[in-house]
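Okay, data24.tsv is below, TSV, C-alpha atoms:
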```tsv
chain	number	residue	atom	x	y	z
L	17	MET	CA	-25.23	-14.60	3.72
L	18	THR	CA	-21.46	-14.65	3.66
L	19	GLY	CA	-19.28	-13.57	0.79
L	20	CYS	CA	-18.14	-10.35	-0.83
L	21	PRO	CA	-21.09	-9.12	-2.93
L	22	GLY	CA	-19.72	-5.58	-3.20
L	23	PHE	CA	-16.44	-6.67	-4.73
L	24	GLU	CA	-16.31	-6.88	-8.51
L	25	LYS	CA	-14.16	-9.78	-9.66
L	26	GLY	CA	-10.83	-8.61	-10.98
L	27	ALA	CA	-11.67	-4.93	-10.55
L	28	GLY	CA	-8.75	-2.59	-10.56
L	29	THR	CA	-6.37	-5.00	-12.29
L	30	ALA	CA	-4.35	-4.25	-15.38
L	31	ARG	CA	-5.73	-5.02	-18.81
L	32	ASN	CA	-4.33	-8.17	-20.43
L	33	GLY	CA	-1.87	-8.55	-17.57
L	34	VAL	CA	-0.05	-5.31	-18.48
L	35	ILE	CA	0.33	-2.54	-15.93
L	36	MET	CA	-1.61	0.49	-17.15
L	37	ASP	CA	0.14	3.79	-17.76
L	38	ILE	CA	0.01	6.20	-14.84
L	39	GLY	CA	-1.54	8.86	-17.04
L	40	ASN	CA	-1.10	12.59	-16.66
L	41	LEU	CA	1.57	13.20	-14.03
L	42	SER	CA	0.12	16.62	-13.27
L	43	ASP	CA	-2.97	14.95	-11.79
L	44	ASN	CA	-0.95	13.30	-9.01
L	45	LYS	CA	-0.31	15.04	-5.69
L	46	ILE	CA	3.11	14.59	-4.07
L	47	LEU	CA	3.90	15.52	-0.47
L	48	ILE	CA	7.58	15.87	0.47
L	49	ILE	CA	8.43	15.97	4.19
L	50	ASP	CA	12.06	16.91	4.88
L	51	ASP	CA	13.76	19.53	7.05
L	52	GLU	CA	16.50	20.24	4.49
L	53	LYS	CA	15.23	23.27	2.53
L	54	ASP	CA	17.77	22.83	-0.25
L	55	LEU	CA	16.69	19.22	-0.75
L	56	LEU	CA	13.01	20.17	-0.70
L	57	ASN	CA	13.58	22.82	-3.36
L	58	LEU	CA	15.76	20.49	-5.44
L	59	LEU	CA	13.15	17.74	-5.45
L	60	GLU	CA	10.36	20.21	-6.19
L	61	THR	CA	12.24	21.73	-9.13
L	62	PHE	CA	13.13	18.32	-10.55
L	63	LEU	CA	9.60	16.90	-10.22
L	64	LEU	CA	8.06	20.02	-11.76
L	65	LYS	CA	10.44	19.63	-14.70
L	66	GLU	CA	9.30	16.00	-15.07
L	67	GLY	CA	5.65	17.00	-15.37
L	68	PHE	CA	4.28	16.92	-11.82
L	69	ARG	CA	2.37	20.05	-10.84
L	70	LYS	CA	0.77	19.41	-7.44
L	71	ILE	CA	3.69	19.31	-5.02
L	72	TYR	CA	3.33	20.06	-1.31
L	73	LYS	CA	6.20	20.52	1.15
L	74	ALA	CA	6.61	20.31	4.92
L	75	GLU	CA	9.73	20.80	7.05
L	76	THR	CA	8.51	19.08	10.23
L	77	GLY	CA	6.76	15.82	10.97
L	78	VAL	CA	3.75	17.40	12.64
L	79	ARG	CA	3.29	19.81	9.76
L	80	GLY	CA	3.64	16.93	7.31
L	81	VAL	CA	0.82	15.00	8.96
L	82	GLU	CA	-1.39	18.11	8.86
L	83	VAL	CA	-0.72	18.71	5.16
L	84	CYS	CA	-1.26	15.03	4.38
L	85	ARG	CA	-4.63	15.02	6.12
L	86	ARG	CA	-5.71	18.21	4.37
L	87	GLU	CA	-4.44	17.57	0.84
L	88	ASN	CA	-4.76	13.76	0.62
L	89	PRO	CA	-1.66	13.30	-1.60
L	90	ASP	CA	-1.22	10.35	-3.93
L	91	ILE	CA	2.27	9.63	-2.58
L	92	ILE	CA	4.39	10.83	0.36
L	93	VAL	CA	8.17	11.22	0.23
L	94	LEU	CA	9.25	11.14	3.88
L	95	ASP	CA	12.63	11.73	5.52
L	96	VAL	CA	13.37	9.60	8.57
L	97	MET	CA	15.33	12.27	10.47
L	98	LEU	CA	13.09	15.24	11.29
L	99	PRO	CA	13.48	17.98	13.95
L	100	ASP	CA	10.35	17.21	15.97
L	101	ILE	CA	9.16	13.61	15.50
L	102	ASP	CA	10.94	11.04	13.35
L	103	GLY	CA	9.65	9.76	10.05
L	104	PHE	CA	8.53	6.44	11.48
L	105	GLU	CA	6.21	8.23	13.91
L	106	VAL	CA	4.96	10.39	11.04
L	107	CYS	CA	4.27	7.21	9.07
L	108	ARG	CA	2.42	5.69	12.02
L	109	ARG	CA	0.18	8.77	12.35
L	110	ILE	CA	-0.51	8.97	8.62
L	111	ARG	CA	-1.47	5.30	8.52
L	112	LYS	CA	-4.36	6.08	10.88
L	113	PHE	CA	-6.17	7.85	8.03
L	114	SER	CA	-4.35	7.07	4.78
L	115	TYR	CA	-2.97	4.03	2.95
L	116	GLU	CA	-1.32	6.05	0.18
L	117	PRO	CA	2.26	4.93	-0.61
L	118	ILE	CA	5.09	6.27	1.56
L	119	LEU	CA	8.64	6.48	0.20
L	120	PHE	CA	11.25	6.84	2.96
L	121	LEU	CA	14.43	8.89	2.57
L	122	SER	CA	17.24	7.99	4.95
L	123	ALA	CA	20.97	7.61	5.35
L	124	ARG	CA	20.33	4.78	7.84
L	125	GLU	CA	19.88	1.92	5.39
L	126	GLU	CA	19.97	-0.94	7.89
L	127	VAL	CA	17.35	0.62	10.18
L	128	VAL	CA	14.98	1.42	7.31
L	129	ASN	CA	15.45	-2.04	5.85
L	130	LYS	CA	14.57	-3.69	9.14
L	131	LEU	CA	11.55	-1.53	9.88
L	132	LEU	CA	10.14	-1.83	6.38
L	133	GLY	CA	10.61	-5.58	6.64
L	134	LEU	CA	8.60	-5.59	9.83
L	135	GLY	CA	5.79	-3.74	8.10
L	136	MET	CA	5.98	-0.31	9.74
L	137	GLY	CA	3.77	1.08	6.99
L	138	GLY	CA	6.35	2.23	4.47
L	139	ASP	CA	6.20	1.12	0.85
L	140	ASP	CA	9.74	1.79	-0.33
L	141	TYR	CA	12.91	3.63	0.63
L	142	ILE	CA	15.91	5.42	-0.86
L	143	THR	CA	19.18	5.99	0.96
L	144	LYS	CA	20.94	9.34	0.93
L	145	PRO	CA	22.74	10.55	-1.07
L	146	PHE	CA	20.48	9.53	-3.94
L	147	ASN	CA	20.07	10.01	-7.67
L	148	LEU	CA	17.08	12.15	-8.65
L	149	GLU	CA	16.26	9.74	-11.46
L	150	GLU	CA	15.93	6.94	-8.91
L	151	VAL	CA	13.48	9.02	-6.89
L	152	LEU	CA	11.44	9.60	-10.03
L	153	TYR	CA	11.50	5.89	-10.91
L	154	ARG	CA	10.33	4.83	-7.48
L	155	ILE	CA	7.58	7.45	-7.38
L	156	LYS	CA	6.30	6.30	-10.76
L	157	ALA	CA	6.51	2.65	-9.66
L	158	GLN	CA	4.26	3.35	-6.67
L	159	LEU	CA	1.81	5.34	-8.81
L	160	ARG	CA	1.65	2.44	-11.29
L	161	ARG	CA	0.85	0.13	-8.40
L	162	LYS	CA	-2.05	2.37	-7.44
L	163	GLN	CA	-3.29	2.39	-11.04
L	164	TYR	CA	-2.94	-1.39	-11.15
L	165	LEU	CA	-5.03	-1.87	-8.03
L	166	GLY	CA	-7.46	0.95	-8.71
L	167	ARG	CA	-7.90	4.06	-6.64
L	168	PRO	CA	-9.97	3.98	-3.43
L	169	ASP	CA	-12.62	6.27	-4.88
L	170	GLN	CA	-13.01	3.92	-7.86
L	171	TRP	CA	-13.24	0.91	-5.55
L	172	THR	CA	-16.10	2.35	-3.53
L	173	SER	CA	-17.97	4.52	-6.03
L	174	GLY	CA	-21.47	3.15	-6.46
L	175	ARG	CA	-20.68	-0.11	-4.69
L	176	LYS	CA	-21.10	-1.72	-1.32
L	177	VAL	CA	-17.87	-1.46	0.59
L	178	LEU	CA	-18.19	-4.33	3.04
L	179	CYS	CA	-16.89	-7.84	2.52
L	180	ARG	CA	-17.83	-10.48	5.10
L	181	PHE	CA	-16.54	-14.02	5.46
L	182	GLY	CA	-16.72	-16.00	8.66
L	183	ASP	CA	-16.07	-13.61	11.54
L	184	ILE	CA	-14.03	-11.25	9.32
L	185	VAL	CA	-15.31	-7.95	7.90
L	186	ILE	CA	-13.32	-5.84	5.42
L	187	ASP	CA	-14.46	-2.24	5.17
L	188	GLU	CA	-12.87	-0.63	2.10
L	189	ASN	CA	-14.27	2.81	2.80
L	190	ALA	CA	-12.88	2.91	6.34
L	191	THR	CA	-9.73	0.98	5.28
L	192	GLU	CA	-10.09	-1.36	8.23
L	193	VAL	CA	-10.58	-5.04	8.94
L	194	LYS	CA	-12.46	-6.42	11.94
L	195	LYS	CA	-12.57	-9.85	13.47
L	196	ASN	CA	-15.38	-10.60	15.90
L	197	GLY	CA	-16.05	-6.86	16.00
L	198	LEU	CA	-12.49	-5.94	16.97
L	199	THR	CA	-10.30	-3.92	14.58
L	200	LEU	CA	-7.20	-5.77	13.43
L	201	ASP	CA	-3.86	-3.95	13.41
L	202	LEU	CA	-2.86	-4.51	9.78
L	203	THR	CA	0.03	-2.78	8.05
L	204	ALA	CA	-0.55	-0.97	4.76
L	205	LYS	CA	0.89	-3.85	2.74
L	206	GLU	CA	-1.15	-6.45	4.64
L	207	PHE	CA	-4.35	-4.51	4.02
L	208	GLN	CA	-3.54	-4.12	0.32
L	209	ILE	CA	-2.77	-7.83	-0.08
L	210	LEU	CA	-5.96	-8.86	1.72
L	211	LEU	CA	-8.03	-6.42	-0.31
L	212	LEU	CA	-6.63	-7.68	-3.61
L	213	LEU	CA	-7.28	-11.29	-2.60
L	214	ALA	CA	-10.81	-10.40	-1.47
L	215	ARG	CA	-11.54	-8.70	-4.77
L	216	ASN	CA	-10.49	-11.95	-6.43
L	217	SER	CA	-11.95	-14.31	-3.82
L	218	ASN	CA	-11.83	-18.06	-4.53
L	219	ARG	CA	-9.35	-17.43	-7.34
L	220	ILE	CA	-5.65	-18.22	-7.18
L	221	LEU	CA	-3.38	-15.21	-7.55
L	222	SER	CA	0.21	-16.00	-8.43
L	223	LYS	CA	3.10	-14.65	-6.39
L	224	LYS	CA	4.12	-12.65	-9.45
L	225	LYS	CA	0.67	-11.08	-9.70
L	226	LEU	CA	0.59	-10.23	-6.00
L	227	TYR	CA	4.08	-8.76	-5.95
L	228	GLU	CA	3.71	-6.64	-9.08
L	229	SER	CA	0.25	-5.44	-8.03
L	230	ILE	CA	1.21	-4.47	-4.48
L	231	TRP	CA	4.85	-3.40	-4.80
L	232	GLY	CA	4.59	-1.98	-8.33
L	233	GLU	CA	7.87	-3.57	-9.43
L	234	ASP	CA	8.92	-6.53	-11.56
L	235	TYR	CA	8.82	-9.86	-9.74
L	236	LEU	CA	12.29	-11.42	-9.76
L	237	GLY	CA	11.43	-14.66	-7.98
L	238	ASP	CA	12.12	-13.61	-4.39
L	239	ASP	CA	9.29	-15.37	-2.55
L	240	ASN	CA	10.36	-14.38	0.97
L	241	THR	CA	8.78	-10.92	0.93
L	242	ILE	CA	5.33	-12.25	0.04
L	243	MET	CA	5.62	-15.26	2.34
L	244	VAL	CA	6.38	-13.07	5.35
L	245	HIS	CA	3.36	-10.84	4.71
L	246	ILE	CA	1.07	-13.83	4.14
L	247	ARG	CA	2.27	-15.41	7.39
L	248	HIS	CA	1.59	-12.21	9.33
L	249	LEU	CA	-1.86	-11.94	7.75
L	250	ARG	CA	-2.70	-15.49	8.79
L	251	GLU	CA	-1.57	-14.81	12.34
L	252	LYS	CA	-4.07	-11.95	12.51
L	253	LEU	CA	-6.96	-13.44	10.52
L	254	GLU	CA	-7.00	-17.14	11.25
L	255	ASN	CA	-8.06	-18.88	14.46
L	256	ASP	CA	-5.37	-21.49	13.74
L	257	PRO	CA	-2.67	-19.95	11.48
L	258	GLY	CA	-1.00	-23.35	11.11
L	259	SER	CA	-4.17	-24.75	9.57
L	260	PRO	CA	-5.70	-21.76	7.75
L	261	GLN	CA	-9.37	-21.70	6.85
L	262	TYR	CA	-9.46	-18.61	4.62
L	263	LEU	CA	-6.01	-17.63	3.33
L	264	LEU	CA	-4.81	-20.75	1.53
L	265	THR	CA	-1.64	-21.66	-0.35
L	266	ALA	CA	-1.96	-23.26	-3.78
L	267	ARG	CA	1.43	-24.95	-3.80
L	268	GLY	CA	3.51	-23.93	-6.77
L	269	LEU	CA	0.80	-21.53	-7.96
L	270	GLY	CA	0.12	-18.80	-5.41
L	271	TYR	CA	-2.52	-17.88	-2.84
L	272	LYS	CA	-6.26	-17.48	-2.65
L	273	LEU	CA	-8.82	-16.19	-0.17
L	274	VAL	CA	-11.60	-18.73	0.28
L	275	VAL	CA	-15.01	-17.11	0.70
L	276	ARG	CA	-17.87	-19.59	0.94
L	277	GLU	CA	-21.45	-18.69	0.20
L	278	ASP	CA	-24.23	-19.97	2.46
L	279	ALA	CA	-26.39	-22.63	0.91
L	280	SER	CA	-29.37	-20.38	1.50
```

Write the structure described by the file as structure tokens, please.
Amino acid sequence: MTGCPGFEKGAGTARNGVIMDIGNLSDNKILIIDDEKDLLNLLETFLLKEGFRKIYKAETGVRGVEVCRRENPDIIVLDVMLPDIDGFEVCRRIRKFSYEPILFLSAREEVVNKLLGLGMGGDDYITKPFNLEEVLYRIKAQLRRKQYLGRPDQWTSGRKVLCRFGDIVIDENATEVKKNGLTLDLTAKEFQILLLLARNSNRILSKKKLYESIWGEDYLGDDNTIMVHIRHLREKLENDPGSPQYLLTARGLGYKLVVREDAS
């Protein structure tokens, strides 16, 4: 039997198309990785004032990965320039065990832009010097996205966690996708897009819905971001990306993941 029996249709989406409130800020864990002590303390003080209570800090990349693995934060604020390993390497290591949102801090706007565009695993970025209110806005935007999609423990609690279609297997619990038994190298955004489509299999999701669910921001009509991620997903999932079998475009409407049930 093919299909996604463990995926509840529409689970984790917002009620009546409205993004749900992120709830009590004090319940969310924030990890800040930056070697500037003054900046660490400034961000901590500001976020505490705004209602966050669970804030963890690390001044090196290696330490940041250790704290992230131990504390399982809801969002990571990560500086690109660190004294031991750079933020992109930290991101790569974190993505081996966590798909929680990563917000880059960097003065190198062009480099961050390029790497995020290539899907290095980051979810957003802010260039230095920055406004503290902007940091707060972007943190809340990512937390709303998580609330919109549903948290991993809600996705898997009391449910099967495997979705199979064709030679593809999505394992929510392990946050991995396999094709013919081999693990696919998906970025965080690619995994999130595929998971959302799988949870709504055989239904068309609009570009607006996809963008606001995954990126946690208002959709302003820029299709390129979604199109690039969909193309990369097809290149990894489909035997013939030019003539996709699973990830289809509904022209003028959006995208859908086709999951066919066996006649038996």

Excluding same-chain residues fewer than 4 positions from L:Ser217, what lies within 7 Å of it counting all atoms listed in the file, as a ChimeraX atom specification? /L:213,272-275

Would you pick out the contacts of stretch 97-113 of chain L at 8 Å or less, using all atoms listed in the file, so that residues sharing its chain but fewer than 4 positions from it are not included, and give the list as a list in words?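 Here the answer would be Asp50, Asp51, Glu75, Thr76, Gly77, Val78, Gly80, Val81, Cys84, Arg85, Ile118, Phe120, Ser122, Met136, Gly137, Gly138 and Ala204 of chain L.
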
Please report, as JSON, the centre and edge lengths in Å to one decimal of an axis-aligned box covering all listed atoms of stretch 151-160 of chain L with 4 Å per side.
```
{"center_x": 7.6, "center_y": 6.0, "center_z": -9.0, "size_x": 19.8, "size_y": 15.2, "size_z": 12.6}
```

What does the distance from atom CA of L:Ile46 to atom CA of L:Lys73 come to in Å, to one decimal?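 Interatomic distance here is 8.5 Å.
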
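Straight-line separation from atom CA of L:Glu233 to atom CA of L:Asp139: 11.4 Å.
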
Nearest to L:Tyr271 among L:Val185, L:Ile220, L:Leu226, L:Met243, with distances taken over all atoms listed in the file: which residue is it? L:Ile220

I'd like the contact shell of L:Thr203 - 12 Å cut-off, all atoms listed in the file, skipping same-chain residues fewer than 2 positions apart - returned as a ChimeraX atom specification. /L:107-108,110-112,114-117,131-139,191-193,200-201,205-210,245-246,248-249,252

Give me the residues near L:Pro260 as a ChimeraX atom specification, where near means some atom within 8 Å (using only C-alpha atoms) and where sequence neighbours in that chain fewer than 5 positions away do not count. /L:250,254-255

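As for atom CA of L:Leu221 and atom CA of L:Ile186, they are spaced 18.8 Å apart.
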
Considering only C-alpha atoms, state which residue in the set L:Pro89, L:Phe62, L:Phe146, L:Leu94 is at the smallest distance from L:Ile48. L:Leu94

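Compared by their closest atoms to L:Leu159, and using all atoms listed in the file, the residues L:Lys194, L:Arg180, L:Lys45, L:Arg69 rank with L:Lys45 nearest.
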